[in-house]
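As stored in start21.txt (compact mmCIF, C-alpha atoms):
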```
# COMPACT_ATOMS: atom_id res chain seq x y z
CA MET A 48 -13.90 -207.23 303.95
CA SER A 49 -15.06 -203.64 303.88
CA GLY A 50 -17.98 -202.64 301.73
CA HIS A 51 -16.18 -200.77 298.95
CA ASP A 52 -13.71 -203.38 297.76
CA SER A 53 -16.19 -206.24 297.64
CA HIS A 54 -17.33 -205.35 294.14
CA ALA A 55 -13.78 -205.58 292.86
CA HIS A 56 -13.61 -209.15 294.15
CA ALA A 57 -16.92 -210.22 292.67
CA GLY A 58 -15.14 -213.16 291.07
CA GLY A 59 -14.28 -215.38 293.95
CA HIS A 60 -15.73 -214.99 297.41
CA ASP A 61 -18.69 -216.22 299.32
CA GLU A 62 -21.59 -214.41 300.91
CA HIS A 63 -19.67 -213.66 304.10
CA GLU A 64 -17.53 -211.10 302.30
CA HIS A 65 -19.86 -208.20 303.05
CA LYS A 66 -19.73 -206.24 306.20
CA PRO A 67 -22.91 -207.27 307.99
CA THR A 68 -25.52 -204.62 308.60
CA SER A 69 -25.49 -203.73 312.28
CA ILE A 70 -28.34 -204.58 314.61
CA SER A 71 -28.81 -200.90 315.40
CA THR A 72 -29.36 -200.20 311.69
CA TYR A 73 -32.05 -202.88 311.59
CA LEU A 74 -33.76 -201.48 314.67
CA GLY A 75 -33.53 -197.97 313.24
CA VAL A 76 -35.20 -199.13 310.03
CA ALA A 77 -37.84 -200.93 312.09
CA ALA A 78 -38.59 -197.66 313.91
CA VAL A 79 -38.85 -195.73 310.64
CA LEU A 80 -41.15 -198.40 309.18
CA THR A 81 -43.36 -198.16 312.24
CA VAL A 82 -43.58 -194.37 312.05
CA LEU A 83 -44.38 -194.47 308.32
CA THR A 84 -47.12 -197.05 308.92
CA VAL A 85 -48.65 -194.89 311.68
CA ILE A 86 -48.71 -191.97 309.22
CA GLU A 87 -50.31 -194.23 306.62
CA ILE A 88 -53.17 -195.42 308.77
CA GLY A 89 -54.26 -191.91 309.80
CA PRO A 90 -56.94 -191.76 307.09
CA LEU A 91 -58.36 -195.14 308.20
CA PHE A 92 -59.29 -193.60 311.53
CA GLN A 93 -60.23 -190.30 309.90
CA TRP A 94 -57.59 -188.38 311.84
CA TYR A 95 -56.78 -186.60 308.58
CA ASN A 96 -56.88 -187.31 304.90
CA LEU A 97 -54.00 -188.34 302.66
CA GLY A 98 -54.24 -188.21 298.88
CA PRO A 99 -53.29 -191.18 296.71
CA VAL A 100 -49.87 -189.71 295.86
CA PRO A 101 -48.60 -189.34 299.47
CA LEU A 102 -49.88 -192.85 300.19
CA LEU A 103 -48.00 -194.25 297.20
CA VAL A 104 -44.82 -192.40 298.19
CA LEU A 105 -45.03 -193.79 301.75
CA SER A 106 -45.54 -197.28 300.37
CA VAL A 107 -42.58 -197.00 298.00
CA VAL A 108 -40.32 -195.74 300.82
CA LYS A 109 -41.30 -198.68 303.06
CA PHE A 110 -40.83 -201.08 300.16
CA ALA A 111 -37.36 -199.69 299.40
CA LEU A 112 -36.28 -199.81 303.06
CA VAL A 113 -37.17 -203.50 303.35
CA VAL A 114 -35.67 -204.46 299.97
CA PHE A 115 -32.43 -202.49 300.22
CA ILE A 116 -31.66 -202.93 303.92
CA PHE A 117 -33.52 -205.99 305.22
CA MET A 118 -32.97 -207.97 302.01
CA HIS A 119 -29.47 -206.45 301.61
CA LEU A 120 -30.14 -205.58 297.98
CA GLY A 121 -28.29 -202.29 298.53
CA PRO A 122 -24.91 -203.56 299.82
CA ASP A 123 -25.12 -206.97 298.11
CA GLU A 124 -23.66 -207.96 294.74
CA PRO A 125 -25.03 -205.90 291.81
CA ILE A 126 -26.20 -209.01 289.96
CA TYR A 127 -29.16 -209.34 292.35
CA LYS A 128 -30.25 -205.79 291.55
CA LYS A 129 -29.92 -206.52 287.85
CA ILE A 130 -32.28 -209.45 288.25
CA PHE A 131 -34.82 -207.97 290.62
CA VAL A 132 -35.14 -204.28 289.75
CA PRO A 133 -36.07 -204.65 286.04
CA SER A 134 -38.63 -207.29 286.94
CA LEU A 135 -40.10 -204.99 289.56
CA LEU A 136 -40.30 -202.11 287.10
CA LEU A 137 -41.90 -204.39 284.51
CA ALA A 138 -44.52 -205.47 287.05
CA GLY A 139 -45.21 -201.80 287.90
CA LEU A 140 -45.51 -200.95 284.22
CA MET A 141 -47.96 -203.80 283.70
CA VAL A 142 -50.14 -202.58 286.57
CA THR A 143 -50.14 -199.02 285.19
CA VAL A 144 -50.92 -200.09 281.63
CA MET A 145 -53.75 -202.37 282.72
CA MET A 146 -55.26 -199.61 284.83
CA LEU A 147 -55.05 -197.19 281.90
CA LEU A 148 -56.71 -199.73 279.60
CA PHE A 149 -59.53 -200.28 282.06
CA GLY A 150 -60.07 -196.58 282.65
CA SER A 151 -59.10 -196.75 286.32
CA PHE A 152 -57.77 -193.22 286.21
CA THR A 153 -61.15 -191.97 285.04
CA ARG A 154 -63.49 -190.93 287.82
CA ALA A 155 -66.25 -193.38 288.58
CA GLU A 156 -68.99 -190.85 287.84
CA GLN A 157 -67.54 -190.19 284.40
CA MET A 158 -67.43 -193.92 283.78
CA ALA A 159 -71.10 -194.12 284.69
CA TYR A 160 -71.81 -191.33 282.25
CA LYS A 161 -69.92 -193.01 279.44
CA GLY A 162 -72.17 -195.99 279.85
CA PRO A 163 -71.55 -199.73 279.75
CA VAL A 164 -68.07 -200.99 280.46
CA LEU A 165 -66.69 -204.05 278.68
CA GLY A 166 -70.02 -204.81 277.09
CA TYR A 167 -71.90 -205.22 280.33
CA VAL A 168 -75.05 -203.20 280.71
CA ALA A 169 -75.61 -201.55 284.07
CA ALA A 170 -79.39 -201.62 284.18
CA PRO A 171 -80.95 -202.50 280.86
CA PRO A 172 -83.57 -199.82 280.15
CA PRO A 173 -87.01 -201.26 279.42
CA LYS A 174 -87.54 -201.34 275.69
CA VAL A 175 -91.32 -201.37 275.97
CA GLU A 176 -92.70 -198.01 274.93
CA THR A 177 -95.43 -196.82 277.21
CA PRO A 178 -98.45 -195.19 275.60
CA GLU A 179 -97.98 -192.03 277.72
CA GLY A 180 -94.47 -191.68 276.42
CA GLU A 181 -95.65 -191.86 272.83
CA ALA A 182 -98.20 -189.11 273.23
CA GLY A 183 -95.74 -186.27 273.50
CA GLY A 184 -92.59 -188.00 272.30
CA ASP A 185 -91.08 -188.52 268.91
CA PRO A 186 -92.50 -191.67 267.35
CA ALA A 187 -89.27 -192.17 265.36
CA ALA A 188 -86.60 -194.79 266.09
CA GLY A 189 -84.80 -192.51 268.59
CA GLY A 190 -87.88 -192.73 270.78
CA ALA A 191 -86.58 -195.55 272.96
CA GLU A 192 -83.92 -193.36 274.48
CA GLN A 193 -86.37 -190.62 275.33
CA VAL A 194 -88.82 -193.02 276.85
CA ALA A 195 -86.20 -194.09 279.35
CA ALA A 196 -85.71 -190.48 280.39
CA ALA A 197 -89.21 -189.06 280.10
CA PRO A 198 -91.53 -190.88 282.50
CA ALA A 199 -91.27 -190.87 286.27
CA ILE A 200 -87.61 -191.54 287.06
CA ASP A 201 -86.78 -193.73 290.00
CA GLY A 202 -84.45 -191.66 292.17
CA ALA A 203 -83.27 -194.78 293.94
CA GLU A 204 -82.08 -196.22 290.61
CA VAL A 205 -80.22 -193.02 289.77
CA PHE A 206 -78.63 -193.09 293.20
CA LYS A 207 -77.62 -196.74 292.80
CA THR A 208 -75.90 -196.07 289.49
CA ASN A 209 -74.15 -192.82 290.29
CA CYS A 210 -73.85 -192.15 294.00
CA VAL A 211 -73.13 -195.40 295.83
CA ALA A 212 -69.44 -195.35 294.89
CA CYS A 213 -68.93 -192.50 297.36
CA HIS A 214 -72.00 -192.43 299.59
CA GLY A 215 -72.35 -196.19 300.03
CA PRO A 216 -75.13 -198.54 298.91
CA GLU A 217 -77.37 -197.44 301.77
CA ALA A 218 -76.31 -193.81 301.58
CA LYS A 219 -74.71 -194.22 304.99
CA GLY A 220 -71.49 -192.63 303.77
CA GLY A 221 -68.07 -193.71 302.57
CA VAL A 222 -65.78 -191.29 300.86
CA GLY A 223 -68.75 -188.93 300.83
CA PRO A 224 -70.87 -188.05 303.85
CA ASN A 225 -73.79 -190.00 305.30
CA LEU A 226 -77.03 -188.80 303.70
CA THR A 227 -79.45 -190.52 306.04
CA ASP A 228 -78.84 -188.49 309.18
CA ALA A 229 -79.78 -184.95 310.11
CA GLU A 230 -76.22 -183.66 309.66
CA TRP A 231 -75.62 -181.75 306.45
CA LYS A 232 -72.23 -180.51 305.32
CA ASN A 233 -73.68 -178.39 302.54
CA GLY A 234 -77.00 -176.64 302.91
CA SER A 235 -79.54 -177.46 305.57
CA GLY A 236 -81.07 -180.60 304.14
CA THR A 237 -84.08 -179.05 302.45
CA LEU A 238 -85.08 -180.42 299.07
CA ALA A 239 -83.91 -177.20 297.40
CA ASP A 240 -80.53 -177.32 299.13
CA ILE A 241 -79.96 -180.92 298.10
CA GLU A 242 -80.79 -180.01 294.53
CA THR A 243 -78.37 -177.08 294.67
CA THR A 244 -75.55 -179.33 295.91
CA LEU A 245 -76.29 -181.81 293.13
CA ASN A 246 -76.32 -179.08 290.52
CA LYS A 247 -73.29 -177.12 291.64
CA GLY A 248 -71.15 -179.77 293.32
CA VAL A 249 -68.86 -179.04 296.24
CA THR A 250 -65.54 -177.46 295.34
CA GLY A 251 -62.51 -179.36 296.56
CA THR A 252 -64.31 -182.69 296.98
CA ALA A 253 -65.26 -185.58 294.73
CA MET A 254 -68.80 -184.13 294.60
CA ILE A 255 -68.88 -182.74 291.10
CA SER A 256 -71.62 -180.80 289.37
CA TRP A 257 -74.04 -183.47 288.20
CA THR A 258 -76.18 -181.31 285.91
CA PRO A 259 -74.24 -182.09 282.72
CA ILE A 260 -74.24 -185.81 283.52
CA LEU A 261 -77.70 -186.50 284.87
CA GLY A 262 -79.81 -183.69 283.50
CA ASP A 263 -82.56 -181.85 285.37
CA GLU A 264 -85.06 -184.69 285.52
CA LYS A 265 -82.71 -187.19 287.13
CA ILE A 266 -81.33 -184.51 289.48
CA LYS A 267 -84.84 -183.79 290.75
CA ALA A 268 -85.56 -187.52 291.12
CA VAL A 269 -82.39 -188.29 293.05
CA ALA A 270 -82.76 -185.16 295.21
CA LEU A 271 -86.25 -186.33 296.16
CA TYR A 272 -84.84 -189.76 296.95
CA VAL A 273 -82.01 -188.41 299.12
CA HIS A 274 -84.44 -186.04 300.85
CA SER A 275 -86.61 -189.04 301.71
CA LEU A 276 -83.79 -191.02 303.33
CA GLY A 277 -84.37 -189.66 306.81
CA GLY A 278 -82.22 -186.54 307.03
CA GLY A 279 -84.37 -184.30 304.85
CA LYS A 280 -86.03 -181.20 306.25
CA MET B 23 -8.98 -233.93 285.86
CA SER B 24 -12.49 -235.33 285.81
CA SER B 25 -12.01 -237.04 289.14
CA ASP B 26 -10.87 -233.72 290.61
CA HIS B 27 -14.01 -232.07 289.40
CA SER B 28 -16.37 -234.72 290.73
CA ALA B 29 -14.60 -234.68 294.08
CA VAL B 30 -15.39 -230.99 294.38
CA SER B 31 -19.03 -231.31 293.42
CA VAL B 32 -19.69 -234.13 295.85
CA HIS B 33 -18.45 -232.30 298.90
CA GLU B 34 -19.20 -228.68 298.10
CA HIS B 35 -21.70 -226.63 296.19
CA PRO B 36 -21.12 -226.52 292.42
CA PRO B 37 -18.75 -223.70 291.48
CA PRO B 38 -20.72 -220.47 291.13
CA SER B 39 -20.59 -219.00 287.63
CA PHE B 40 -21.47 -215.45 288.63
CA GLY B 41 -19.25 -215.30 291.67
CA VAL B 42 -22.26 -215.47 293.95
CA PRO B 43 -23.88 -218.49 295.61
CA ASN B 44 -26.05 -220.33 293.09
CA LEU B 45 -28.83 -220.81 295.61
CA LYS B 46 -29.14 -217.11 296.29
CA LEU B 47 -28.90 -216.20 292.62
CA ALA B 48 -31.63 -218.69 291.76
CA PHE B 49 -33.75 -217.41 294.60
CA TRP B 50 -33.57 -213.81 293.41
CA LEU B 51 -34.64 -215.10 289.97
CA PHE B 52 -37.63 -216.77 291.63
CA LEU B 53 -38.47 -213.54 293.48
CA ALA B 54 -38.28 -211.64 290.19
CA SER B 55 -40.80 -214.03 288.66
CA ASP B 56 -42.96 -213.82 291.78
CA CYS B 57 -42.99 -210.05 291.24
CA MET B 58 -44.69 -210.66 287.93
CA LEU B 59 -47.21 -213.03 289.53
CA PHE B 60 -48.26 -210.48 292.11
CA GLY B 61 -47.97 -207.70 289.54
CA SER B 62 -50.60 -209.42 287.40
CA LEU B 63 -52.89 -210.10 290.37
CA ILE B 64 -52.62 -206.50 291.56
CA ALA B 65 -53.17 -205.24 288.01
CA THR B 66 -56.34 -207.33 287.81
CA TYR B 67 -57.60 -206.11 291.16
CA LEU B 68 -56.99 -202.46 290.32
CA SER B 69 -58.39 -202.75 286.81
CA TYR B 70 -61.72 -203.99 288.14
CA ARG B 71 -61.68 -201.75 291.20
CA GLY B 72 -64.81 -199.64 291.49
CA LYS B 73 -66.51 -201.34 288.54
CA ASP B 74 -69.00 -203.21 290.76
CA GLN B 75 -70.40 -199.85 291.85
CA LEU B 76 -71.36 -199.13 288.24
CA PHE B 77 -73.66 -202.12 288.25
CA GLY B 78 -74.87 -201.82 291.83
CA ASN B 79 -73.41 -205.25 292.51
CA GLY B 80 -72.21 -205.24 296.11
CA PRO B 81 -70.83 -205.74 298.65
CA TYR B 82 -68.18 -203.07 298.15
CA PRO B 83 -64.80 -202.76 299.90
CA LEU B 84 -65.93 -200.06 302.34
CA ASP B 85 -68.91 -202.17 303.44
CA LEU B 86 -66.53 -204.87 304.63
CA PHE B 87 -63.09 -203.55 305.49
CA SER B 88 -62.37 -203.55 309.17
CA VAL B 89 -59.86 -200.86 310.06
CA GLU B 90 -58.68 -202.39 313.33
CA VAL B 91 -58.06 -205.89 311.96
CA THR B 92 -56.07 -204.69 308.96
CA THR B 93 -53.99 -202.29 311.03
CA ILE B 94 -53.02 -204.96 313.55
CA SER B 95 -52.21 -207.60 310.94
CA THR B 96 -50.15 -205.11 308.93
CA PHE B 97 -48.07 -204.20 312.00
CA ASP B 98 -47.76 -207.87 312.82
CA LEU B 99 -46.29 -208.74 309.41
CA LEU B 100 -44.02 -205.68 309.44
CA MET B 101 -42.60 -206.69 312.81
CA SER B 102 -42.05 -210.25 311.57
CA SER B 103 -39.65 -208.80 309.01
CA VAL B 104 -37.69 -207.24 311.87
CA THR B 105 -37.47 -210.53 313.78
CA MET B 106 -36.38 -212.19 310.53
CA VAL B 107 -33.39 -209.89 310.01
CA LEU B 108 -32.47 -210.47 313.64
CA ALA B 109 -32.51 -214.24 312.98
CA VAL B 110 -30.21 -213.81 309.97
CA ALA B 111 -27.89 -211.56 312.00
CA ALA B 112 -27.87 -214.13 314.83
CA ILE B 113 -26.86 -217.07 312.62
CA GLN B 114 -24.16 -214.91 311.05
CA ARG B 115 -22.70 -214.37 314.53
CA GLY B 116 -23.11 -218.08 315.21
CA ASN B 117 -25.55 -217.50 318.06
CA MET B 118 -27.81 -220.55 317.84
CA PHE B 119 -30.04 -219.61 320.77
CA GLN B 120 -30.95 -216.26 319.24
CA THR B 121 -31.32 -217.80 315.79
CA ARG B 122 -33.93 -220.20 317.17
CA LEU B 123 -35.63 -217.48 319.18
CA TRP B 124 -36.03 -215.07 316.26
CA LEU B 125 -36.93 -217.80 313.75
CA GLY B 126 -39.63 -219.04 316.13
CA LEU B 127 -40.97 -215.54 316.71
CA THR B 128 -41.04 -214.82 312.98
CA ALA B 129 -43.00 -218.01 312.34
CA LEU B 130 -45.37 -217.13 315.18
CA LEU B 131 -46.01 -213.61 313.84
CA GLY B 132 -46.56 -215.11 310.39
CA ALA B 133 -49.06 -217.60 311.78
CA ILE B 134 -50.89 -214.75 313.53
CA PHE B 135 -51.12 -212.91 310.21
CA VAL B 136 -52.60 -216.00 308.55
CA GLY B 137 -55.05 -216.21 311.44
CA PHE B 138 -56.15 -212.63 310.87
CA GLN B 139 -56.64 -213.39 307.20
CA GLY B 140 -58.70 -216.43 308.04
CA TYR B 141 -60.87 -214.25 310.27
CA GLU B 142 -61.16 -211.61 307.56
CA PHE B 143 -62.11 -214.09 304.84
CA THR B 144 -64.71 -215.73 307.09
CA HIS B 145 -66.17 -212.36 308.07
CA PHE B 146 -66.29 -211.15 304.46
CA TYR B 147 -67.83 -214.39 303.23
CA LEU B 148 -70.57 -214.26 305.85
CA GLU B 149 -71.23 -210.64 304.89
CA GLY B 150 -71.93 -211.84 301.36
CA LEU B 151 -68.62 -211.47 299.54
CA LYS B 152 -68.36 -214.54 297.35
CA LEU B 153 -65.51 -215.63 295.10
CA GLN B 154 -67.87 -215.65 292.16
CA GLY B 155 -70.30 -213.02 293.42
CA ASN B 156 -68.80 -209.86 292.02
CA LEU B 157 -65.58 -208.41 290.63
CA PHE B 158 -64.41 -207.24 294.05
CA GLY B 159 -64.92 -210.72 295.52
CA SER B 160 -63.08 -212.54 292.73
CA THR B 161 -60.10 -210.21 292.51
CA PHE B 162 -59.81 -209.61 296.28
CA TYR B 163 -59.89 -213.27 297.29
CA VAL B 164 -57.47 -214.33 294.54
CA LEU B 165 -54.95 -211.55 295.29
CA THR B 166 -54.96 -211.75 299.09
CA GLY B 167 -55.41 -215.53 298.93
CA PHE B 168 -52.21 -215.94 296.93
CA HIS B 169 -50.46 -213.66 299.40
CA GLY B 170 -51.80 -215.62 302.36
CA THR B 171 -50.63 -218.85 300.74
CA HIS B 172 -47.16 -217.35 300.42
CA VAL B 173 -47.19 -216.42 304.11
CA THR B 174 -48.37 -219.92 305.05
CA LEU B 175 -45.58 -221.56 303.02
CA GLY B 176 -43.13 -219.14 304.63
CA VAL B 177 -44.28 -220.19 308.11
CA VAL B 178 -43.81 -223.86 307.17
CA TRP B 179 -40.35 -223.09 305.76
CA LEU B 180 -39.26 -221.22 308.88
CA LEU B 181 -40.58 -223.97 311.15
CA LEU B 182 -38.66 -226.58 309.12
CA VAL B 183 -35.47 -224.54 309.48
CA LEU B 184 -36.14 -224.14 313.19
CA ALA B 185 -36.81 -227.86 313.61
CA THR B 186 -33.64 -228.75 311.70
CA THR B 187 -31.52 -226.84 314.24
CA PHE B 188 -32.64 -229.39 316.85
CA THR B 189 -31.63 -232.43 314.75
CA LYS B 190 -28.29 -233.97 313.85
CA HIS B 191 -28.60 -232.16 310.49
CA ARG B 192 -28.20 -228.79 312.18
CA GLY B 193 -25.08 -228.24 310.07
CA MET B 194 -27.44 -227.61 307.12
CA VAL B 195 -28.76 -224.49 308.80
CA THR B 196 -26.11 -222.17 307.44
CA HIS B 197 -26.10 -218.40 307.17
CA LEU B 198 -26.86 -218.76 303.45
CA ASN B 199 -29.89 -221.00 304.02
CA VAL B 200 -31.37 -218.77 306.70
CA GLU B 201 -30.68 -215.70 304.58
CA VAL B 202 -32.55 -217.17 301.60
CA ALA B 203 -35.51 -218.08 303.84
CA GLY B 204 -35.32 -214.46 305.01
CA LEU B 205 -35.38 -213.17 301.41
CA TYR B 206 -38.62 -215.07 300.86
CA TRP B 207 -40.08 -213.75 304.08
CA HIS B 208 -39.21 -210.12 303.35
CA PHE B 209 -40.59 -210.48 299.85
CA VAL B 210 -43.92 -211.60 301.27
CA ASP B 211 -43.79 -208.57 303.55
CA ILE B 212 -43.13 -206.08 300.74
CA VAL B 213 -45.96 -207.56 298.71
CA TRP B 214 -48.22 -206.85 301.68
CA ILE B 215 -46.87 -203.29 301.94
CA VAL B 216 -48.10 -202.79 298.37
CA ILE B 217 -51.41 -204.61 298.86
CA PHE B 218 -52.12 -202.71 302.09
CA THR B 219 -51.72 -199.39 300.30
CA LEU B 220 -53.42 -200.20 297.01
CA VAL B 221 -56.27 -202.36 298.27
CA TYR B 222 -57.03 -200.96 301.72
CA LEU B 223 -55.65 -197.44 302.22
CA MET B 224 -56.74 -196.20 298.78
CA GLU B 225 -60.36 -196.90 299.72
CA TYR B 226 -60.18 -194.29 302.46
CA THR B 227 -58.86 -191.50 300.30
CA VAL B 228 -60.64 -189.45 297.68
```
Just dump the structure as structure tokens.
Amino acid sequence: MSGHDSHAHAGGHDEHEHKPTSISTYLGVAAVLTVLTVIEIGPLFQWYNLGPVPLLVLSVVKFALVVFIFMHLGPDEPIYKKIFVPSLLLAGLMVTVMMLLFGSFTRAEQMAYKGPVLGYVAAPPPKVETPEGEAGGDPAAGGAEQVAAAPAIDGAEVFKTNCVACHGPEAKGGVGPNLTDAEWKNGSGTLADIETTLNKGVTGTAMISWTPILGDEKIKAVALYVHSLGGGK
Amino acid sequence: MSSDHSAVSVHEHPPPSFGVPNLKLAFWLFLASDCMLFGSLIATYLSYRGKDQLFGNGPYPLDLFSVEVTTISTFDLLMSSVTMVLAVAAIQRGNMFQTRLWLGLTALLGAIFVGFQGYEFTHFYLEGLKLQGNLFGSTFYVLTGFHGTHVTLGVVWLLLVLATTFTKHRGMVTHLNVEVAGLYWHFVDIVWIVIFTLVYLMEYTV
């Protein structure tokens, strides 16, 4: 009846062979699960921030506690583990491989820089060449690309493509701070300060240096746009 | 010889080939395959995650997620796993009153979770998240919808077990049968543990 000799008798007994897990063990696990969940939800309420790795570890611990103790996979016959664990690992592998294939481990801003994903086009640039663009530009075939960059750039468009992932579609904040209020984490909200933040990024945050990605023209356009959102000074 | 054999199979379960109850073995096989189902749905969700932002095609997760609702429903489902193990422990001790109590509570907590999901889906839909509107909408509704369907079926299962204890067929409600219902219930809970982290919590981290 005790836990250790049950494996030796795997041939001929029923499910009552195992020593049942005690109620106090269940309640102890319930308490641990509750504490872990409280730790997990801290970032939701912005009490503190947890990186993806600690969150995954917490999730795996909770998962294992339920599977091995509540579902008895730990003390139960090994055949159940042999069925379930490989399948679980296979599912995890599939998730990881799919995410790798789809570039999920690449930062969103780098994805935006690399251009269209899966053949979709973000915002098809107008192919019509404006006469002003032709005046100073190269009339050769490469001209179309320059035309898209040369004339007045819509800062709102640049923002929509590159910034909404963190700052939200209305710039009201998300992962990154709200850009429409008078509170500024970096600089004082002047046009020059906003440009500086865009150019240099903010160390230790997702705010990278955008100069190599956007170029000066787009930086100026999006800085002007952000400055105009209500918080600019 | 053959009459001996048939006499056994009429009155008892077929002899187990692996030395474990066939029902439980088969159920773990089902759970293993269900792992792959949810694995593929989660893989799809995560593969498309953040891609809508590249095209400016909202609404995005952070526009919609409601911290309070998700926190409460997560706790609710977690606690239903606790009441479920208590139900299994109660039937093992032969305590029918407690078995009914904990089974009923588990079903109730499960129904509350489904209610929260109904509220969430309605809220999201009215905020403009459509099944065919963007990648987030498609993958989110399909993933959490399949999970919600599992919870709903689990509630029905538990209620059927509970109802059976009040009929003349109460002998069918054995430790094994309640334990297998519990396996399903816990599985649904662990799937939510994963979804809660990958779909919700990850949005609030950098």
Given only C-alpha atoms, how would the per-residue table for chain A near chain B read, listing every residue at most 7 Å away with its closest atom pair and distance in Å to one decimal, sorted by chain and number, as CSV?
```
residue,atom,partner,partner_atom,distance
A:Ala57,CA,B:Gly41,CA,5.7
A:Gly58,CA,B:Gly41,CA,4.7
A:Gly59,CA,B:Gly41,CA,5.5
A:His60,CA,B:Gly41,CA,6.7
A:Asp61,CA,B:Val42,CA,6.5
A:Ala77,CA,B:Val104,CA,6.3
A:Pro90,CA,B:Tyr226,CA,6.2
A:Leu91,CA,B:Tyr226,CA,6.1
A:Asn96,CA,B:Thr227,CA,6.5
A:Leu97,CA,B:Thr227,CA,6.3
A:Gly98,CA,B:Thr227,CA,5.8
A:Pro99,CA,B:Met224,CA,6.4
A:Leu102,CA,B:Thr219,CA,6.8
A:Ser106,CA,B:Ile215,CA,6.4
A:Phe110,CA,B:Ile212,CA,5.5
A:Val113,CA,B:His208,CA,6.9
A:Phe117,CA,B:Val107,CA,6.2
A:Met118,CA,B:Leu205,CA,5.8
A:Tyr127,CA,B:Trp50,CA,6.4
A:Ile130,CA,B:Leu51,CA,6.4
A:Phe131,CA,B:Ala54,CA,5.1
A:Ser134,CA,B:Ala54,CA,5.4
A:Leu135,CA,B:Cys57,CA,6.1
A:Ala138,CA,B:Gly61,CA,4.8
A:Gly139,CA,B:Gly61,CA,6.7
A:Met141,CA,B:Ala65,CA,6.9
A:Val142,CA,B:Ala65,CA,4.3
A:Met145,CA,B:Ala65,CA,6.0
A:Met146,CA,B:Ser69,CA,4.9
A:Phe149,CA,B:Ser69,CA,5.5
A:Ser151,CA,B:Ser69,CA,6.1
A:Ala159,CA,B:Leu76,CA,6.1
A:Ala169,CA,B:Phe77,CA,4.6
A:Lys207,CA,B:Gly78,CA,5.9
A:Thr208,CA,B:Leu76,CA,5.6
A:Val211,CA,B:Gln75,CA,6.6
A:Ala212,CA,B:Gln75,CA,5.5
A:Gly221,CA,B:Leu84,CA,6.7
A:Val222,CA,B:Val228,CA,6.3
A:Ala253,CA,B:Val228,CA,6.7
```
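What separates CA of Trp124 (chain B) from CA of Ile70 (chain A) is a distance of 13.1 Å.
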May I have the residues within 10 Å of Leu226 (chain A) as a PyMOL selection string, using all atoms listed in the file and disregarding those fewer than 5 positions away in the same chain? chain A and resi 214-215+217-220+231-232+236+273-279
Print the selection's residues with C-alpha atoms to a file, as a PDB file, in the frame of the given file.
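Final output, saved to part.pdb:
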```
ATOM      1  CA  HIS A 214     -72.000-192.430 299.590  1.00  0.00           C
ATOM      2  CA  GLY A 215     -72.350-196.190 300.030  1.00  0.00           C
ATOM      3  CA  GLU A 217     -77.370-197.440 301.770  1.00  0.00           C
ATOM      4  CA  ALA A 218     -76.310-193.810 301.580  1.00  0.00           C
ATOM      5  CA  LYS A 219     -74.710-194.220 304.990  1.00  0.00           C
ATOM      6  CA  GLY A 220     -71.490-192.630 303.770  1.00  0.00           C
ATOM      7  CA  TRP A 231     -75.620-181.750 306.450  1.00  0.00           C
ATOM      8  CA  LYS A 232     -72.230-180.510 305.320  1.00  0.00           C
ATOM      9  CA  GLY A 236     -81.070-180.600 304.140  1.00  0.00           C
ATOM     10  CA  VAL A 273     -82.010-188.410 299.120  1.00  0.00           C
ATOM     11  CA  HIS A 274     -84.440-186.040 300.850  1.00  0.00           C
ATOM     12  CA  SER A 275     -86.610-189.040 301.710  1.00  0.00           C
ATOM     13  CA  LEU A 276     -83.790-191.020 303.330  1.00  0.00           C
ATOM     14  CA  GLY A 277     -84.370-189.660 306.810  1.00  0.00           C
ATOM     15  CA  GLY A 278     -82.220-186.540 307.030  1.00  0.00           C
ATOM     16  CA  GLY A 279     -84.370-184.300 304.850  1.00  0.00           C
TER      17      GLY A 279
END
```
Name all residues at most 8 Å from region 180-190 of chain B (count all atoms listed in the file; drop same-chain ones fewer than 2 positions away) and give them as a CSV table (one decimal) with C-alpha atoms, keeping the file's coordinate frame.
```
chain,number,residue,atom,x,y,z
B,122,ARG,CA,-33.9,-220.2,317.2
B,125,LEU,CA,-36.9,-217.8,313.8
B,126,GLY,CA,-39.6,-219.0,316.1
B,128,THR,CA,-41.0,-214.8,313.0
B,129,ALA,CA,-43.0,-218.0,312.3
B,176,GLY,CA,-43.1,-219.1,304.6
B,177,VAL,CA,-44.3,-220.2,308.1
B,178,VAL,CA,-43.8,-223.9,307.2
B,192,ARG,CA,-28.2,-228.8,312.2
B,193,GLY,CA,-25.1,-228.2,310.1
B,194,MET,CA,-27.4,-227.6,307.1
B,195,VAL,CA,-28.8,-224.5,308.8
B,200,VAL,CA,-31.4,-218.8,306.7
B,203,ALA,CA,-35.5,-218.1,303.8
```
Using the file's own x, y and z axes, so that the box edges lie along x, y and z, what centre and edge lengths in Å (one decimal) does a box around every listed atom of region 135-142 of chain B get when 8 Å is added on each side? Give it as lines of an AutoDock Vina configuration file.
```
center_x = -56.1
center_y = -214.0
center_z = 309.3
size_x = 26.0
size_y = 20.8
size_z = 20.2
```
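You will find CA of Phe143 (chain B) at 12.2 Å from CA of Leu165 (chain B).
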